[in-house]
$ cat run16.tsv   # TSV, C-alpha atoms
chain	number	residue	atom	x	y	z
A	216	MET	CA	0.06	-0.25	-11.80
A	217	ILE	CA	-3.48	1.19	-11.47
A	218	ASP	CA	-4.98	2.98	-14.44
A	219	MET	CA	-8.48	4.46	-14.43
A	220	GLN	CA	-9.81	6.33	-17.45
A	221	ASN	CA	-13.05	8.34	-17.36
A	222	ILE	CA	-14.63	6.18	-14.66
A	223	SER	CA	-18.27	6.89	-13.88
A	224	LYS	CA	-20.56	5.02	-11.52
A	225	VAL	CA	-24.31	5.49	-11.47
A	226	TYR	CA	-26.57	3.73	-8.98
A	227	ARG	CA	-30.18	3.27	-10.00
A	228	MET	CA	-32.88	3.13	-7.35
A	229	GLY	CA	-36.20	2.72	-9.10
A	230	GLU	CA	-36.50	5.66	-11.45
A	231	THR	CA	-33.86	7.65	-9.59
A	232	GLU	CA	-30.22	7.76	-10.69
A	233	VAL	CA	-27.42	8.75	-8.32
A	234	ALA	CA	-24.00	9.51	-9.81
A	235	ALA	CA	-21.31	8.42	-7.34
A	236	LEU	CA	-18.38	9.00	-9.72
A	237	ASN	CA	-18.24	11.39	-12.66
A	238	GLY	CA	-15.49	10.80	-15.22
A	239	VAL	CA	-12.64	10.06	-12.81
A	240	SER	CA	-9.21	9.44	-14.35
A	241	LEU	CA	-6.38	8.32	-12.07
A	242	SER	CA	-3.05	6.51	-12.26
A	243	ILE	CA	-1.16	5.08	-9.29
A	244	GLU	CA	2.34	3.70	-9.74
A	245	GLU	CA	3.85	0.71	-7.97
A	246	GLY	CA	5.32	1.67	-4.60
A	247	GLU	CA	3.21	4.79	-4.04
A	248	TYR	CA	1.58	5.66	-0.72
A	249	VAL	CA	-1.68	7.44	-1.56
A	250	ALA	CA	-4.49	8.81	0.58
A	251	ILE	CA	-7.89	9.48	-0.95
A	252	VAL	CA	-9.74	11.92	1.26
A	253	GLY	CA	-13.22	13.37	1.22
A	254	THR	CA	-16.39	13.75	3.22
A	255	SER	CA	-19.24	11.26	3.20
A	256	GLY	CA	-20.77	11.13	-0.26
A	257	SER	CA	-17.62	12.36	-2.01
A	258	GLY	CA	-17.23	9.11	-3.95
A	259	LYS	CA	-14.06	7.91	-2.25
A	260	SER	CA	-15.51	4.58	-1.05
A	261	THR	CA	-17.05	3.89	-4.46
A	262	LEU	CA	-13.65	4.53	-6.02
A	263	MET	CA	-12.04	2.10	-3.58
A	264	ASN	CA	-14.64	-0.56	-4.36
A	265	ILE	CA	-13.86	-0.29	-8.06
A	266	VAL	CA	-10.10	-0.41	-7.48
A	267	GLY	CA	-10.64	-3.48	-5.30
A	268	PHE	CA	-12.85	-5.27	-7.86
A	269	LEU	CA	-15.74	-5.13	-5.39
A	270	ASP	CA	-17.82	-3.09	-7.84
A	271	SER	CA	-17.69	-2.30	-11.54
A	272	PRO	CA	-17.92	1.11	-13.24
A	273	THR	CA	-20.93	2.13	-15.28
A	274	GLU	CA	-18.58	3.69	-17.81
A	275	GLY	CA	-14.83	3.93	-18.30
A	276	VAL	CA	-11.84	1.61	-18.23
A	277	PHE	CA	-10.05	0.24	-15.17
A	278	ALA	CA	-6.91	-1.89	-15.24
A	279	ILE	CA	-4.35	-3.18	-12.74
A	280	HIS	CA	-0.95	-4.27	-14.02
A	281	GLY	CA	-2.40	-3.88	-17.51
A	282	GLN	CA	-5.22	-6.35	-16.83
A	283	LYS	CA	-8.57	-4.75	-17.68
A	284	ALA	CA	-11.45	-5.61	-15.38
A	285	SER	CA	-14.05	-5.51	-18.14
A	286	GLY	CA	-14.72	-8.86	-19.74
A	287	LEU	CA	-13.52	-10.93	-16.79
A	288	THR	CA	-15.90	-13.44	-15.23
A	289	GLY	CA	-16.87	-13.24	-11.59
A	290	ARG	CA	-14.48	-16.08	-10.78
A	291	GLN	CA	-11.63	-14.40	-12.66
A	292	LEU	CA	-12.27	-11.14	-10.81
A	293	ALA	CA	-12.28	-12.97	-7.47
A	294	ASP	CA	-9.00	-14.72	-8.31
A	295	LEU	CA	-7.40	-11.44	-9.38
A	296	ARG	CA	-8.65	-9.69	-6.24
A	297	ASN	CA	-7.36	-12.45	-3.95
A	298	ARG	CA	-3.98	-12.51	-5.68
A	299	GLU	CA	-3.27	-8.80	-6.11
A	300	ILE	CA	-5.15	-6.91	-3.40
A	301	GLY	CA	-5.23	-6.91	0.39
A	302	PHE	CA	-8.09	-5.18	2.21
A	303	VAL	CA	-8.17	-3.48	5.62
A	304	PHE	CA	-11.44	-2.04	6.91
A	305	GLN	CA	-12.54	0.11	9.84
A	306	GLN	CA	-14.16	-2.93	11.43
A	307	PHE	CA	-11.73	-5.78	11.97
A	308	ASN	CA	-14.06	-8.55	10.70
A	309	LEU	CA	-12.38	-11.27	12.75
A	310	LEU	CA	-13.89	-14.65	13.65
A	311	ALA	CA	-14.83	-14.57	17.33
A	312	ARG	CA	-13.39	-17.94	18.34
A	313	ALA	CA	-10.42	-18.33	16.01
A	314	PRO	CA	-6.82	-17.64	17.07
A	315	ALA	CA	-4.88	-14.97	15.22
A	316	TRP	CA	-2.90	-17.38	13.05
A	317	ARG	CA	-6.08	-19.01	11.77
A	318	GLN	CA	-7.65	-15.62	11.01
A	319	VAL	CA	-4.60	-14.74	8.92
A	320	GLU	CA	-4.38	-18.00	6.98
A	321	LEU	CA	-8.02	-17.87	5.76
A	322	PRO	CA	-7.22	-16.16	2.41
A	323	LEU	CA	-4.66	-18.89	1.74
A	324	PHE	CA	-7.33	-21.54	2.26
A	325	TYR	CA	-9.37	-19.95	-0.53
A	326	ALA	CA	-6.22	-19.81	-2.67
A	327	ASN	CA	-5.73	-23.58	-2.19
A	328	VAL	CA	-2.37	-23.17	-0.47
A	329	ALA	CA	-1.18	-26.32	1.32
A	330	ARG	CA	-1.98	-26.36	5.04
A	331	GLY	CA	1.63	-26.43	6.25
A	332	THR	CA	2.64	-23.61	3.93
A	333	ALA	CA	-0.42	-21.59	4.93
A	334	ARG	CA	0.43	-21.86	8.64
A	335	LYS	CA	4.03	-20.82	7.98
A	336	ARG	CA	3.00	-17.81	5.91
A	337	ALA	CA	0.36	-16.77	8.46
A	338	LEU	CA	3.01	-16.74	11.19
A	339	GLU	CA	5.35	-14.77	8.92
A	340	ALA	CA	2.62	-12.17	8.33
A	341	LEU	CA	1.94	-11.88	12.06
A	342	THR	CA	5.66	-11.38	12.63
A	343	GLN	CA	5.64	-8.65	9.98
A	344	VAL	CA	3.03	-6.69	11.95
A	345	GLY	CA	4.71	-7.35	15.32
A	346	LEU	CA	2.27	-9.94	16.66
A	347	ALA	CA	4.25	-13.19	16.53
A	348	GLU	CA	3.82	-13.67	20.28
A	349	ARG	CA	0.03	-13.28	19.96
A	350	ALA	CA	-0.48	-15.92	17.27
A	351	ASP	CA	-2.58	-18.16	19.52
A	352	HIS	CA	-4.72	-15.38	20.98
A	353	ARG	CA	-8.40	-14.95	20.12
A	354	PRO	CA	-9.91	-11.51	19.40
A	355	GLU	CA	-11.31	-11.20	22.93
A	356	GLU	CA	-7.73	-11.49	24.22
A	357	LEU	CA	-6.42	-8.71	21.98
A	358	SER	CA	-6.66	-4.93	22.17
A	359	GLY	CA	-8.34	-2.98	19.38
A	360	GLY	CA	-4.99	-2.07	17.88
A	361	GLN	CA	-3.82	-5.67	18.01
A	362	GLN	CA	-7.03	-6.83	16.32
A	363	GLN	CA	-6.46	-4.32	13.53
A	364	ARG	CA	-2.90	-5.59	13.13
A	365	VAL	CA	-4.26	-9.13	12.79
A	366	ALA	CA	-6.55	-7.80	10.06
A	367	ILE	CA	-3.56	-6.15	8.37
A	368	ALA	CA	-1.59	-9.42	8.57
A	369	ARG	CA	-4.54	-11.19	6.96
A	370	ALA	CA	-4.47	-8.60	4.17
A	371	LEU	CA	-0.74	-9.18	3.65
A	372	VAL	CA	-0.61	-12.97	3.77
A	373	ASN	CA	-1.21	-13.45	0.04
A	374	ARG	CA	1.66	-11.04	-0.64
A	375	PRO	CA	-0.51	-8.62	-2.62
A	376	SER	CA	0.86	-5.88	-4.83
A	377	LEU	CA	-1.67	-3.40	-3.41
A	378	LEU	CA	-3.07	-2.76	0.07
A	379	LEU	CA	-6.41	-0.93	0.25
A	380	ALA	CA	-7.36	0.46	3.67
A	381	ASP	CA	-10.81	1.99	4.25
A	382	GLU	CA	-10.84	4.22	7.37
A	383	PRO	CA	-8.29	1.91	9.07
A	384	THR	CA	-8.04	4.04	12.23
A	385	GLY	CA	-11.74	4.90	12.47
A	386	ALA	CA	-12.47	2.45	15.30
A	387	LEU	CA	-9.25	3.16	17.22
A	388	ASP	CA	-8.19	5.69	19.83
A	389	THR	CA	-5.54	8.25	18.92
A	390	ARG	CA	-2.54	6.37	20.33
A	391	THR	CA	-3.52	3.06	18.76
A	392	GLY	CA	-4.29	4.79	15.48
A	393	GLU	CA	-0.76	6.21	15.50
A	394	GLU	CA	0.62	2.69	15.92
A	395	VAL	CA	-1.34	1.47	12.91
A	396	MET	CA	-0.19	4.42	10.80
A	397	ALA	CA	3.41	3.73	11.82
A	398	LEU	CA	2.93	0.16	10.59
A	399	PHE	CA	1.65	1.45	7.24
A	400	GLU	CA	4.75	3.64	7.02
A	401	LYS	CA	6.92	0.58	7.57
A	402	LEU	CA	5.06	-1.38	4.88
A	403	HIS	CA	5.50	1.50	2.45
A	404	GLU	CA	9.23	1.59	3.15
A	405	GLU	CA	9.33	-2.13	2.35
A	406	GLY	CA	7.92	-1.32	-1.10
A	407	LEU	CA	4.22	-2.11	-0.76
A	408	THR	CA	1.75	0.07	-2.67
A	409	LEU	CA	-0.79	1.56	-0.24
A	410	VAL	CA	-4.06	3.38	-0.87
A	411	ILE	CA	-5.85	4.68	2.23
A	412	ILE	CA	-9.43	5.96	2.13
A	413	THR	CA	-10.16	8.44	4.90
A	414	HIS	CA	-12.11	11.51	5.94
A	415	ASP	CA	-9.38	12.38	8.47
A	416	GLN	CA	-6.99	14.99	7.10
A	417	GLU	CA	-4.31	14.11	9.67
A	418	VAL	CA	-4.34	10.49	8.53
A	419	ALA	CA	-4.24	11.59	4.89
A	420	GLU	CA	-1.21	13.78	5.47
A	421	ARG	CA	0.83	10.75	6.51
A	422	ALA	CA	0.72	9.57	2.89
A	423	ARG	CA	3.12	10.74	0.18
A	424	ARG	CA	0.31	11.72	-2.17
A	425	VAL	CA	-3.10	13.10	-1.22
A	426	ILE	CA	-6.08	13.00	-3.57
A	427	THR	CA	-9.17	14.96	-2.51
A	428	MET	CA	-12.63	14.08	-3.80
A	429	ARG	CA	-15.91	15.96	-3.75
A	430	ASP	CA	-19.22	15.12	-5.41
A	431	GLY	CA	-17.78	12.22	-7.38
A	432	VAL	CA	-14.80	14.02	-8.89
A	433	ILE	CA	-11.16	14.59	-7.97
A	434	ILE	CA	-10.73	18.25	-7.01
A	435	SER	CA	-7.04	18.10	-6.07
A	436	ASP	CA	-4.09	15.73	-6.37
A	437	SER	CA	-0.76	16.51	-4.73
A	438	GLY	CA	0.95	14.20	-7.21
A	439	GLY	CA	3.86	12.03	-6.15
A	440	THR	CA	6.19	9.40	-7.45
A	441	ALA	CA	6.47	5.72	-6.80
A	442	GLY	CA	8.80	4.56	-4.07
A	443	ALA	CA	12.11	3.06	-5.08
A	444	ALA	CA	11.88	-0.04	-2.91
A	445	HIS	CA	11.04	-3.35	-4.55
A	446	HIS	CA	8.25	-5.44	-3.01
A	447	ASP	CA	9.33	-9.08	-2.98
A	448	ARG	CA	6.35	-11.32	-3.64
A	449	ALA	CA	8.29	-14.51	-4.19
A	450	SER	CA	7.14	-17.56	-2.32

$ encode --input "run16.tsv" --output "structure tokens"
Amino acid sequence: MIDMQNISKVYRMGETEVAALNGVSLSIEEGEYVAIVGTSGSGKSTLMNIVGFLDSPTEGVFAIHGQKASGLTGRQLADLRNREIGFVFQQFNLLARAPAWRQVELPLFYANVARGTARKRALEALTQVGLAERADHRPEELSGGQQQRVAIARALVNRPSLLLADEPTGALDTRTGEEVMALFEKLHEEGLTLVIITHDQEVAERARRVITMRDGVIISDSGGTAGAAHHDRAS
């Protein structure tokens, strides 16, 4: 599903070059549940940005489902990202005055999905994360954990093949963080491919495969195999 070969990323600031990734090679199969763990500056967030088509490597080859990122236009990359990848971040990034169902249907608006279909799929995604009864609630009426579940529903509404989560429990208390991790476990069992970026070893250990990064390279990989469940992306 994901194939990275000799990926390097160098940021240039004036005459200074900073190497964020140094020759990283990595494959992730469909259905895997992977945690990428490391301290600040390890390169894990840069790796996530490349996997999510939010950044491009300085060197190396990256492909998802056999589609190489190099050579695609900005519009093609955006379309591929919107179709294949769902994002969950530490901050919920919700619109202050919009109800949950409208927050969730936003990606469908950009995908030109018909309004009636978009509303139906938004409600289905909220049901999937256990928030059907909160569909009309605004962020101020939701707990932190509920807001993160709205963000997860928004990431799922396009029925992506891959969910990328960057420090998804970082803004939550321990109990609420456990609820979010239990939801990720459920999504994995349903066949979704998950990649979680974290500095928290306890969060990482919930995954089936743990990749540890330091100074822009992978220093350990527990390995793992893809889950057997099939993720149904049919409309």

$ atom_distance --input "run16.tsv" --atom1 "CA of His403 (chain A)" --atom2 "CA of Gly256 (chain A)"
28.1 Å

$ axis_aligned_box --input "run16.tsv" --around "region 323-327 of chain A" --padding-each-side "5 Å" --output "JSON"
{"center_x": -7.0, "center_y": -21.2, "center_z": -0.2, "size_x": 14.7, "size_y": 14.7, "size_z": 14.9}

$ closest_atom_pairs --input "run16.tsv" --of "region 326-434 of chain A" --to "region 218-237 of chain A" --cutoff "10 Å" --atoms "all atoms listed in the file" --output "CSV"
residue,atom,partner,partner_atom,distance
A:Met428,CA,A:Leu236,CA,9.7
A:Arg429,CA,A:Leu236,CA,9.5
A:Asp430,CA,A:Ala235,CA,7.3
A:Gly431,CA,A:Leu236,CA,4.0
A:Val432,CA,A:Asn237,CA,5.7
A:Ile433,CA,A:Asn237,CA,9.1

$ atom_distance --input "run16.tsv" --atom1 "CA of Ile412 (chain A)" --atom2 "CA of Glu355 (chain A)"
27.0 Å

$ closest_residue --input "run16.tsv" --among "A:Pro375, A:Gly438, A:Gly385, A:Pro354" --to "Asp415 (chain A)" --atoms "only C-alpha atoms"
A:Gly385

$ closest_atom_pairs --input "run16.tsv" --of "region 350-404 of chain A" --to "region 243-255 of chain A" --cutoff "12 Å" --atoms "only C-alpha atoms" --output "JSON lines"
{"residue": "A:Pro375", "atom": "CA", "partner": "A:Glu245", "partner_atom": "CA", "distance": 11.6}
{"residue": "A:Ser376", "atom": "CA", "partner": "A:Glu245", "partner_atom": "CA", "distance": 7.9}
{"residue": "A:Leu377", "atom": "CA", "partner": "A:Glu245", "partner_atom": "CA", "distance": 8.3}
{"residue": "A:Leu378", "atom": "CA", "partner": "A:Tyr248", "partner_atom": "CA", "distance": 9.7}
{"residue": "A:Leu379", "atom": "CA", "partner": "A:Val249", "partner_atom": "CA", "distance": 9.8}
{"residue": "A:Ala380", "atom": "CA", "partner": "A:Ala250", "partner_atom": "CA", "distance": 9.4}
{"residue": "A:Asp381", "atom": "CA", "partner": "A:Ile251", "partner_atom": "CA", "distance": 9.6}
{"residue": "A:Glu382", "atom": "CA", "partner": "A:Val252", "partner_atom": "CA", "distance": 9.9}
{"residue": "A:Pro383", "atom": "CA", "partner": "A:Ala250", "partner_atom": "CA", "distance": 11.6}
{"residue": "A:Met396", "atom": "CA", "partner": "A:Tyr248", "partner_atom": "CA", "distance": 11.7}
{"residue": "A:Phe399", "atom": "CA", "partner": "A:Tyr248", "partner_atom": "CA", "distance": 9.0}
{"residue": "A:Glu400", "atom": "CA", "partner": "A:Tyr248", "partner_atom": "CA", "distance": 8.6}
{"residue": "A:Lys401", "atom": "CA", "partner": "A:Tyr248", "partner_atom": "CA", "distance": 11.1}
{"residue": "A:Leu402", "atom": "CA", "partner": "A:Tyr248", "partner_atom": "CA", "distance": 9.6}
{"residue": "A:His403", "atom": "CA", "partner": "A:Tyr248", "partner_atom": "CA", "distance": 6.5}
{"residue": "A:Glu404", "atom": "CA", "partner": "A:Gly246", "partner_atom": "CA", "distance": 8.7}

$ write_last_selection --input "run16.tsv" --atoms "C-alpha atoms" --output "mmCIF file, in the coordinates of the input"
data_model
loop_
_atom_site.group_PDB
_atom_site.id
_atom_site.type_symbol
_atom_site.label_atom_id
_atom_site.label_comp_id
_atom_site.auth_asym_id
_atom_site.auth_seq_id
_atom_site.Cartn_x
_atom_site.Cartn_y
_atom_site.Cartn_z
ATOM 1 C CA PRO A 375 -0.510 -8.620 -2.620
ATOM 2 C CA SER A 376 0.860 -5.880 -4.830
ATOM 3 C CA LEU A 377 -1.670 -3.400 -3.410
ATOM 4 C CA LEU A 378 -3.070 -2.760 0.070
ATOM 5 C CA LEU A 379 -6.410 -0.930 0.250
ATOM 6 C CA ALA A 380 -7.360 0.460 3.670
ATOM 7 C CA ASP A 381 -10.810 1.990 4.250
ATOM 8 C CA GLU A 382 -10.840 4.220 7.370
ATOM 9 C CA PRO A 383 -8.290 1.910 9.070
ATOM 10 C CA MET A 396 -0.190 4.420 10.800
ATOM 11 C CA PHE A 399 1.650 1.450 7.240
ATOM 12 C CA GLU A 400 4.750 3.640 7.020
ATOM 13 C CA LYS A 401 6.920 0.580 7.570
ATOM 14 C CA LEU A 402 5.060 -1.380 4.880
ATOM 15 C CA HIS A 403 5.500 1.500 2.450
ATOM 16 C CA GLU A 404 9.230 1.590 3.150
#

$ closest_residue --input "run16.tsv" --among "A:Leu357, A:Leu321, A:Ile411, A:Leu269" --to "Phe304 (chain A)" --atoms "all atoms listed in the file"
A:Ile411

$ residues_around --input "run16.tsv" --residues "Ala337 (chain A)" --least-positions-apart "2" --cutoff "7 Å" --atoms "all atoms listed in the file" --output "NGL selection string"
:A and (316 or 319-320 or 333-335 or 339-341 or 372)

$ atom_distance --input "run16.tsv" --atom1 "CA of Ile279 (chain A)" --atom2 "CA of Ile367 (chain A)"
21.3 Å

$ closest_residue --input "run16.tsv" --among "A:Val344, A:Ser271, A:Arg369, A:Gln306" --to "Ala397 (chain A)" --atoms "all atoms listed in the file"
A:Val344

$ closest_residue --input "run16.tsv" --among "A:Gln361, A:Gln318, A:Gly331, A:Val410" --to "Ile217 (chain A)" --atoms "all atoms listed in the file"
A:Val410

$ closest_residue --input "run16.tsv" --among "A:Gln362, A:Ser240, A:Ser260, A:Gln291" --to "Glu274 (chain A)" --atoms "only C-alpha atoms"
A:Ser240
